[in-house]
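Structure data follow from structure10.txt (compact mmCIF, C-alpha atoms):
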# COMPACT_ATOMS: atom_id res chain seq x y z
CA MET C 1 -74.49 -16.82 -101.48
CA GLY C 2 -70.74 -16.45 -102.02
CA PHE C 3 -70.76 -12.86 -100.79
CA PHE C 4 -72.78 -13.88 -97.70
CA CYS C 5 -70.27 -16.61 -96.83
CA ILE C 6 -67.38 -14.20 -97.24
CA TRP C 7 -69.15 -11.64 -95.07
CA MET C 8 -69.82 -14.21 -92.31
CA CYS C 9 -66.24 -15.42 -92.41
CA ALA C 10 -65.03 -11.84 -92.09
CA LEU C 11 -67.27 -11.27 -89.06
CA SER C 12 -66.04 -14.50 -87.47
CA TYR C 13 -62.43 -13.47 -87.99
CA VAL C 14 -63.03 -10.04 -86.45
CA ALA C 15 -64.74 -11.61 -83.45
CA PHE C 16 -61.90 -14.11 -83.01
CA ALA C 17 -59.26 -11.40 -83.28
CA ALA C 18 -61.08 -9.23 -80.75
CA ALA C 19 -61.33 -12.12 -78.32
CA ALA C 20 -57.66 -12.91 -78.75
CA GLN C 21 -56.72 -9.30 -78.01
CA ALA C 22 -59.14 -8.92 -75.09
CA PRO C 23 -57.32 -8.40 -71.78
CA ALA C 24 -57.33 -11.32 -69.34
CA GLY C 25 -58.30 -8.93 -66.56
CA ARG C 26 -56.70 -6.06 -64.74
CA PRO C 27 -52.93 -5.75 -65.01
CA ALA C 28 -50.92 -7.87 -62.61
CA GLU C 29 -49.37 -4.74 -61.10
CA ALA C 30 -52.80 -3.32 -60.21
CA ILE C 31 -53.99 -6.59 -58.63
CA LEU C 32 -50.87 -6.90 -56.53
CA ALA C 33 -50.94 -3.22 -55.51
CA ASP C 34 -54.54 -3.54 -54.29
CA TYR C 35 -53.62 -6.64 -52.28
CA ILE C 36 -50.70 -4.87 -50.62
CA LYS C 37 -52.96 -1.95 -49.74
CA ALA C 38 -55.68 -4.29 -48.41
CA VAL C 39 -53.32 -6.00 -45.93
CA GLY C 40 -52.02 -2.68 -44.60
CA GLY C 41 -49.30 -1.52 -46.97
CA LEU C 42 -45.71 -2.53 -47.61
CA MET C 43 -44.23 -0.43 -44.81
CA ALA C 44 -46.63 -1.92 -42.25
CA VAL C 45 -45.79 -5.46 -43.32
CA ASP C 46 -42.03 -4.93 -43.54
CA LYS C 47 -41.77 -3.53 -40.01
CA PHE C 48 -42.05 -7.11 -38.73
CA THR C 49 -38.79 -9.01 -38.40
CA SER C 50 -40.18 -12.09 -36.66
CA ARG C 51 -43.46 -13.72 -35.73
CA GLU C 52 -44.68 -16.34 -33.26
CA THR C 53 -48.03 -17.92 -34.10
CA ALA C 54 -49.95 -20.30 -31.83
CA VAL C 55 -52.34 -22.51 -33.80
CA ASP C 56 -54.75 -25.37 -33.22
CA LEU C 57 -54.90 -28.03 -35.87
CA HIS C 58 -58.56 -28.96 -36.34
CA ARG C 59 -59.01 -32.44 -34.85
CA GLY C 60 -55.31 -32.43 -34.15
CA PRO C 61 -52.64 -31.11 -31.79
CA LYS C 62 -51.61 -27.58 -30.93
CA MET C 63 -48.58 -26.16 -32.73
CA THR C 64 -46.39 -23.08 -32.64
CA LEU C 65 -45.00 -21.47 -35.77
CA TYR C 66 -41.93 -19.26 -35.79
CA TRP C 67 -40.80 -17.03 -38.63
CA GLN C 68 -37.74 -14.81 -38.84
CA LYS C 69 -36.91 -12.45 -41.67
CA PRO C 70 -36.23 -13.13 -44.46
CA ASN C 71 -37.40 -16.75 -44.70
CA SER C 72 -36.39 -18.86 -41.70
CA VAL C 73 -39.31 -20.90 -40.35
CA LEU C 74 -39.94 -23.47 -37.63
CA GLU C 75 -43.01 -25.54 -36.79
CA VAL C 76 -43.06 -27.05 -33.30
CA GLY C 77 -45.63 -29.75 -32.57
CA LYS C 78 -46.17 -32.19 -29.75
CA LYS C 79 -44.29 -35.04 -31.42
CA GLU C 80 -41.95 -33.38 -33.90
CA ARG C 81 -40.57 -30.16 -35.22
CA THR C 82 -39.81 -29.07 -38.76
CA GLY C 83 -37.53 -26.21 -39.69
CA TYR C 84 -35.92 -24.29 -42.53
CA ASP C 85 -32.88 -22.06 -42.12
CA GLY C 86 -33.06 -20.43 -45.55
CA ALA C 87 -31.09 -23.21 -47.21
CA HIS C 88 -32.03 -26.59 -45.75
CA CYS C 89 -35.31 -28.07 -44.57
CA TRP C 90 -35.41 -30.79 -41.91
CA THR C 91 -37.64 -32.58 -39.43
CA LEU C 92 -36.86 -33.87 -35.92
CA SER C 93 -38.99 -36.76 -34.67
CA SER C 94 -40.06 -37.53 -31.10
CA LYS C 95 -37.40 -40.24 -31.13
CA ASN C 96 -34.78 -37.56 -31.75
CA LYS C 97 -34.12 -38.69 -35.33
CA VAL C 98 -33.26 -35.99 -37.85
CA LYS C 99 -34.33 -36.25 -41.48
CA LYS C 100 -33.37 -33.92 -44.31
CA LEU C 101 -36.35 -32.94 -46.45
CA VAL C 102 -36.39 -32.42 -50.20
CA ARG C 103 -36.28 -29.02 -51.84
CA GLY C 104 -39.71 -27.39 -51.81
CA ALA C 105 -40.77 -28.93 -48.50
CA GLU C 106 -40.20 -25.56 -46.85
CA LEU C 107 -42.89 -23.78 -48.89
CA PRO C 108 -45.91 -24.97 -46.85
CA LEU C 109 -44.09 -23.85 -43.70
CA GLU C 110 -43.44 -20.40 -45.15
CA MET C 111 -47.05 -20.08 -46.29
CA GLU C 112 -48.24 -20.82 -42.74
CA ALA C 113 -45.70 -18.91 -40.68
CA ASN C 114 -45.48 -15.90 -43.00
CA PRO C 115 -48.86 -15.57 -44.76
CA LEU C 116 -48.04 -12.00 -45.85
CA ARG C 117 -45.01 -13.14 -47.87
CA TRP C 118 -47.06 -12.54 -51.01
CA VAL C 119 -46.63 -8.76 -50.80
CA HIS C 120 -43.18 -9.52 -52.23
CA SER C 121 -44.49 -11.66 -55.09
CA LYS C 122 -42.41 -9.71 -57.60
CA GLU C 123 -39.28 -10.78 -55.73
CA LEU C 124 -40.54 -14.34 -55.25
CA TYR C 125 -41.26 -14.92 -58.93
CA SER C 126 -39.35 -13.84 -62.00
CA GLU C 127 -42.59 -13.73 -64.00
CA LEU C 128 -46.08 -12.81 -62.76
CA ASP C 129 -48.97 -12.49 -65.21
CA ALA C 130 -52.67 -11.73 -64.93
CA ALA C 131 -55.02 -14.51 -66.03
CA MET C 132 -58.74 -14.74 -66.67
CA PRO C 133 -60.86 -14.11 -63.54
CA GLU C 134 -62.35 -17.20 -61.91
CA ASP C 135 -64.99 -18.00 -59.30
CA ILE C 136 -64.42 -19.69 -55.95
CA ASP C 137 -67.54 -20.60 -53.98
CA GLY C 138 -69.53 -18.12 -56.05
CA GLU C 139 -67.11 -15.26 -55.39
CA LYS C 140 -65.21 -13.56 -58.22
CA MET C 141 -61.44 -13.91 -58.01
CA GLU C 142 -58.70 -12.04 -59.83
CA VAL C 143 -55.90 -14.42 -60.76
CA LEU C 144 -52.14 -14.07 -61.07
CA VAL C 145 -50.01 -16.86 -62.52
CA ALA C 146 -46.30 -17.39 -61.86
CA PRO C 147 -44.80 -20.05 -64.15
CA ASN C 148 -41.96 -22.27 -62.98
CA ASN C 149 -39.81 -24.83 -64.76
CA LEU C 150 -42.41 -27.58 -64.43
CA ALA C 151 -45.84 -25.97 -63.94
CA SER C 152 -47.05 -22.78 -62.20
CA THR C 153 -48.31 -21.11 -59.05
CA LYS C 154 -51.74 -19.45 -59.19
CA LEU C 155 -52.75 -16.71 -56.76
CA TYR C 156 -56.46 -15.99 -56.31
CA PHE C 157 -57.43 -12.55 -54.95
CA ASP C 158 -60.96 -11.69 -53.86
CA ALA C 159 -62.19 -9.12 -56.39
CA ASN C 160 -64.13 -7.24 -53.68
CA THR C 161 -61.75 -7.22 -50.71
CA HIS C 162 -58.53 -7.66 -52.77
CA LEU C 163 -57.27 -10.09 -50.11
CA LEU C 164 -55.47 -13.27 -51.12
CA ARG C 165 -57.98 -16.11 -50.93
CA ARG C 166 -56.14 -19.13 -52.31
CA VAL C 167 -52.82 -20.34 -53.69
CA ASP C 168 -52.58 -23.33 -56.03
CA GLU C 169 -48.98 -24.51 -56.37
CA LYS C 170 -47.60 -27.15 -58.71
CA GLY C 171 -44.01 -27.69 -59.75
CA GLU C 172 -42.13 -26.50 -56.68
CA ILE C 173 -43.59 -28.60 -53.85
CA SER C 174 -44.56 -31.46 -56.14
CA VAL C 175 -44.12 -32.23 -59.82
CA TYR C 176 -47.23 -34.38 -60.06
CA PHE C 177 -49.80 -32.93 -57.63
CA THR C 178 -51.35 -29.54 -56.91
CA ASN C 179 -50.98 -28.21 -53.37
CA THR C 180 -53.58 -25.68 -52.28
CA VAL C 181 -53.46 -23.18 -49.42
CA GLU C 182 -56.58 -21.21 -48.49
CA TYR C 183 -56.42 -18.02 -46.42
CA LEU C 184 -59.60 -17.27 -44.49
CA ASP C 185 -60.94 -15.20 -41.59
CA TYR C 186 -58.74 -12.14 -42.02
CA GLN C 187 -58.43 -10.02 -38.88
CA ASP C 188 -56.72 -6.74 -38.02
CA LEU C 189 -53.59 -6.99 -35.87
CA ASP C 190 -50.72 -4.57 -35.33
CA GLY C 191 -51.66 -2.44 -38.33
CA VAL C 192 -52.03 -5.29 -40.85
CA ARG C 193 -54.65 -7.85 -41.84
CA LEU C 194 -53.73 -11.49 -41.27
CA PRO C 195 -55.62 -14.73 -42.00
CA PHE C 196 -56.62 -16.51 -38.79
CA ARG C 197 -57.55 -19.71 -40.61
CA ILE C 198 -55.29 -21.53 -43.08
CA ILE C 199 -56.32 -24.71 -44.91
CA HIS C 200 -53.88 -27.02 -46.68
CA SER C 201 -55.01 -29.62 -49.20
CA SER C 202 -53.49 -31.61 -52.04
CA THR C 203 -54.54 -33.65 -55.05
CA GLU C 204 -52.07 -36.34 -53.96
CA PRO C 205 -53.92 -39.59 -53.19
CA ASN C 206 -54.48 -40.33 -49.47
CA SER C 207 -53.27 -36.86 -48.45
CA ARG C 208 -54.95 -35.22 -45.47
CA THR C 209 -56.48 -31.76 -45.39
CA GLU C 210 -55.06 -29.65 -42.57
CA ASP C 211 -57.17 -26.89 -41.05
CA LEU C 212 -55.15 -24.47 -38.92
CA ARG C 213 -56.96 -22.10 -36.56
CA VAL C 214 -54.79 -19.25 -35.31
CA LYS C 215 -55.11 -18.54 -31.59
CA GLU C 216 -52.48 -15.87 -31.03
CA ILE C 217 -49.87 -13.95 -33.01
CA THR C 218 -46.93 -12.06 -31.52
CA HIS C 219 -44.72 -9.89 -33.69
CA ASN C 220 -41.06 -8.97 -33.37
CA VAL C 221 -40.23 -11.61 -30.79
CA THR C 222 -36.56 -12.27 -30.09
CA LEU C 223 -35.58 -15.65 -31.52
CA ARG C 224 -32.35 -17.64 -31.36
CA PRO C 225 -31.06 -18.14 -34.94
CA GLU C 226 -29.92 -21.69 -34.18
CA ILE C 227 -33.49 -22.96 -33.67
CA PHE C 228 -33.96 -22.90 -37.45
CA SER C 229 -30.80 -24.89 -38.22
CA LYS C 230 -30.77 -28.64 -38.76
CA PRO C 231 -30.08 -30.16 -35.33
CA VAL C 232 -27.34 -32.65 -34.66
CA PRO C 233 -28.74 -36.07 -33.63
CA GLY C 234 -28.95 -36.17 -29.87
CA GLN C 235 -28.91 -32.38 -29.57
CA VAL C 236 -31.69 -30.83 -27.50
CA VAL C 237 -33.14 -27.54 -28.76
CA LEU C 238 -35.77 -26.09 -26.48
CA GLY C 239 -38.28 -23.36 -27.23
CA GLY C 240 -37.98 -20.63 -29.77
CA LYS C 241 -37.26 -17.48 -27.80
CA ARG C 242 -33.90 -16.22 -26.69
Output the structure of this file as structure tokens.
Amino acid sequence: MGFFCIWMCALSYVAFAAAAQAPAGRPAEAILADYIKAVGGLMAVDKFTSRETAVDLHRGPKMTLYWQKPNSVLEVGKKERTGYDGAHCWTLSSKNKVKKLVRGAELPLEMEANPLRWVHSKELYSELDAAMPEDIDGEKMEVLVAPNNLASTKLYFDANTHLLRRVDEKGEISVYFTNTVEYLDYQDLDGVRLPFRIIHSSTEPNSRTEDLRVKEITHNVTLRPEIFSKPVPGQVVLGGKR
């Protein structure tokens, strides 16, 4: 009986050790490389210096998104506009009141206006690790995790298409709640593949889910740099193009 117990314990230890050493999935470098290839390649993505995106918010107003390399973004709606100049994020109300937004508020804007920003994930995050694969709506996803000071960002890539399907972010936008961005309906345009539907949701109580449907995308438009800067109260800034 003693020998049997020792033998079973040995088997259990071997199984535990094997499980502990088992890889979480494919290496992070391979997952990211396949994603970059799936959207058209790094050179194809990096040839764009600006982007204008016309979107319809499901059961909401029309909006226009502007992005200029490297990370300036502007969202223009019917009643307000929100911008980020690479250092400061702000919003301008219909009553011409300017409000400075907290750090991290620019991330949802960047995710909308520049949905291919993830090809530079190695530059965005100091650490990027592969995690155990997961399922979303019955589809297998390869997962990358980027830790931050408070929590982490998780990137979910479709194991079949290698396209980015979802981003779960906690710690940068909010300390307490998880903000999710879903990228759907990828279509070919100007040599790359872009999502034509973007869904925002959050675990924050009473938050609204936003469903953006892309109507038109124009690349390498000429934009005035000042449209991204925090406006002076009373200042009128019209349009986005030069």
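Closest to C:Val167 among C:Thr203, C:Thr153, C:Ser94, C:Ser229 is C:Thr153, based on all atoms listed in the file.
Closest approach to C:Arg59 among C:Ala131, C:Arg213, C:Val73, C:His120 is made by C:Arg213 (distances from only C-alpha atoms).
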> So, counting all atoms listed in the file, which residue among C:Arg197, C:Lys100, C:Arg165, C:His58 is closest to C:Glu139?
Replying inline: C:Arg165
>> Please report the interatomic distance between atom CA of C:Phe157 and atom CA of C:Val76 in Å with one decimal.
In response: 29.8 Å
> Excluding same-chain residues fewer than 4 positions from C:Thr161, what lies within 10 Å of it counting all atoms listed in the file, as a VMD selection string?
Replying inline: chain C and resid 34 to 35 38 to 39 141 157 165
Could you save the residues just selected, with C-alpha atoms, as a PDB file, keeping the file's coordinate frame?
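Written output follows (out-v9.pdb):
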ATOM      1  CA  ASP C  34     -54.540  -3.540 -54.290  1.00  0.00           C
ATOM      2  CA  TYR C  35     -53.620  -6.640 -52.280  1.00  0.00           C
ATOM      3  CA  ALA C  38     -55.680  -4.290 -48.410  1.00  0.00           C
ATOM      4  CA  VAL C  39     -53.320  -6.000 -45.930  1.00  0.00           C
ATOM      5  CA  MET C 141     -61.440 -13.910 -58.010  1.00  0.00           C
ATOM      6  CA  PHE C 157     -57.430 -12.550 -54.950  1.00  0.00           C
ATOM      7  CA  ARG C 165     -57.980 -16.110 -50.930  1.00  0.00           C
TER       8      ARG C 165
END
>> List as number ranges by chain the protein and nucleic acid residues near C:His219, meaning an atom at most 7 Å away when all atoms listed in the file are counted, but skip any in the same chain fewer than 6 places from it.
In response: C: 48, 50-52
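Compared by their closest atoms to C:Val45, and using all atoms listed in the file, the residues C:His162, C:Lys140, C:His88, C:Lys69 rank with C:Lys69 nearest.
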>> Under the rule that only C-alpha atoms are counted, which of C:Thr222, C:Ile227, C:Asp168, C:Ile217 is the nearest residue to C:Thr49?
In response: C:Thr222
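Residues in contact range of C:Leu109, defined as at most 10 Å between all atoms listed in the file, with sequence neighbours fewer than 2 positions away removed, read C:Leu65, C:Tyr66, C:Trp67, C:Asn71, C:Ser72, C:Val73, C:Leu74, C:Glu75, C:Thr82, C:Gly83, C:Tyr84, C:Cys89, C:Gly104, C:Ala105, C:Glu106, C:Leu107, C:Met111, C:Glu112, C:Ala113, C:Asn114, C:Pro115.
Among the candidates C:Glu29, C:Glu226, C:Ala159, C:Val232, the residue lying nearest to C:Asp85 is C:Glu226 (atoms considered: only C-alpha atoms).
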Edge lengths and centre in Å to one decimal, as JSON, of the axis-aligned box that encloses all listed atoms of stretch 189-206 of chain C with 4 Å added on every side?
{"center_x": -54.1, "center_y": -21.4, "center_z": -45.2, "size_x": 14.8, "size_y": 45.9, "size_z": 27.7}
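Put simply, atom CA of C:Ala151 is 7.7 Å away from atom CA of C:Val175.
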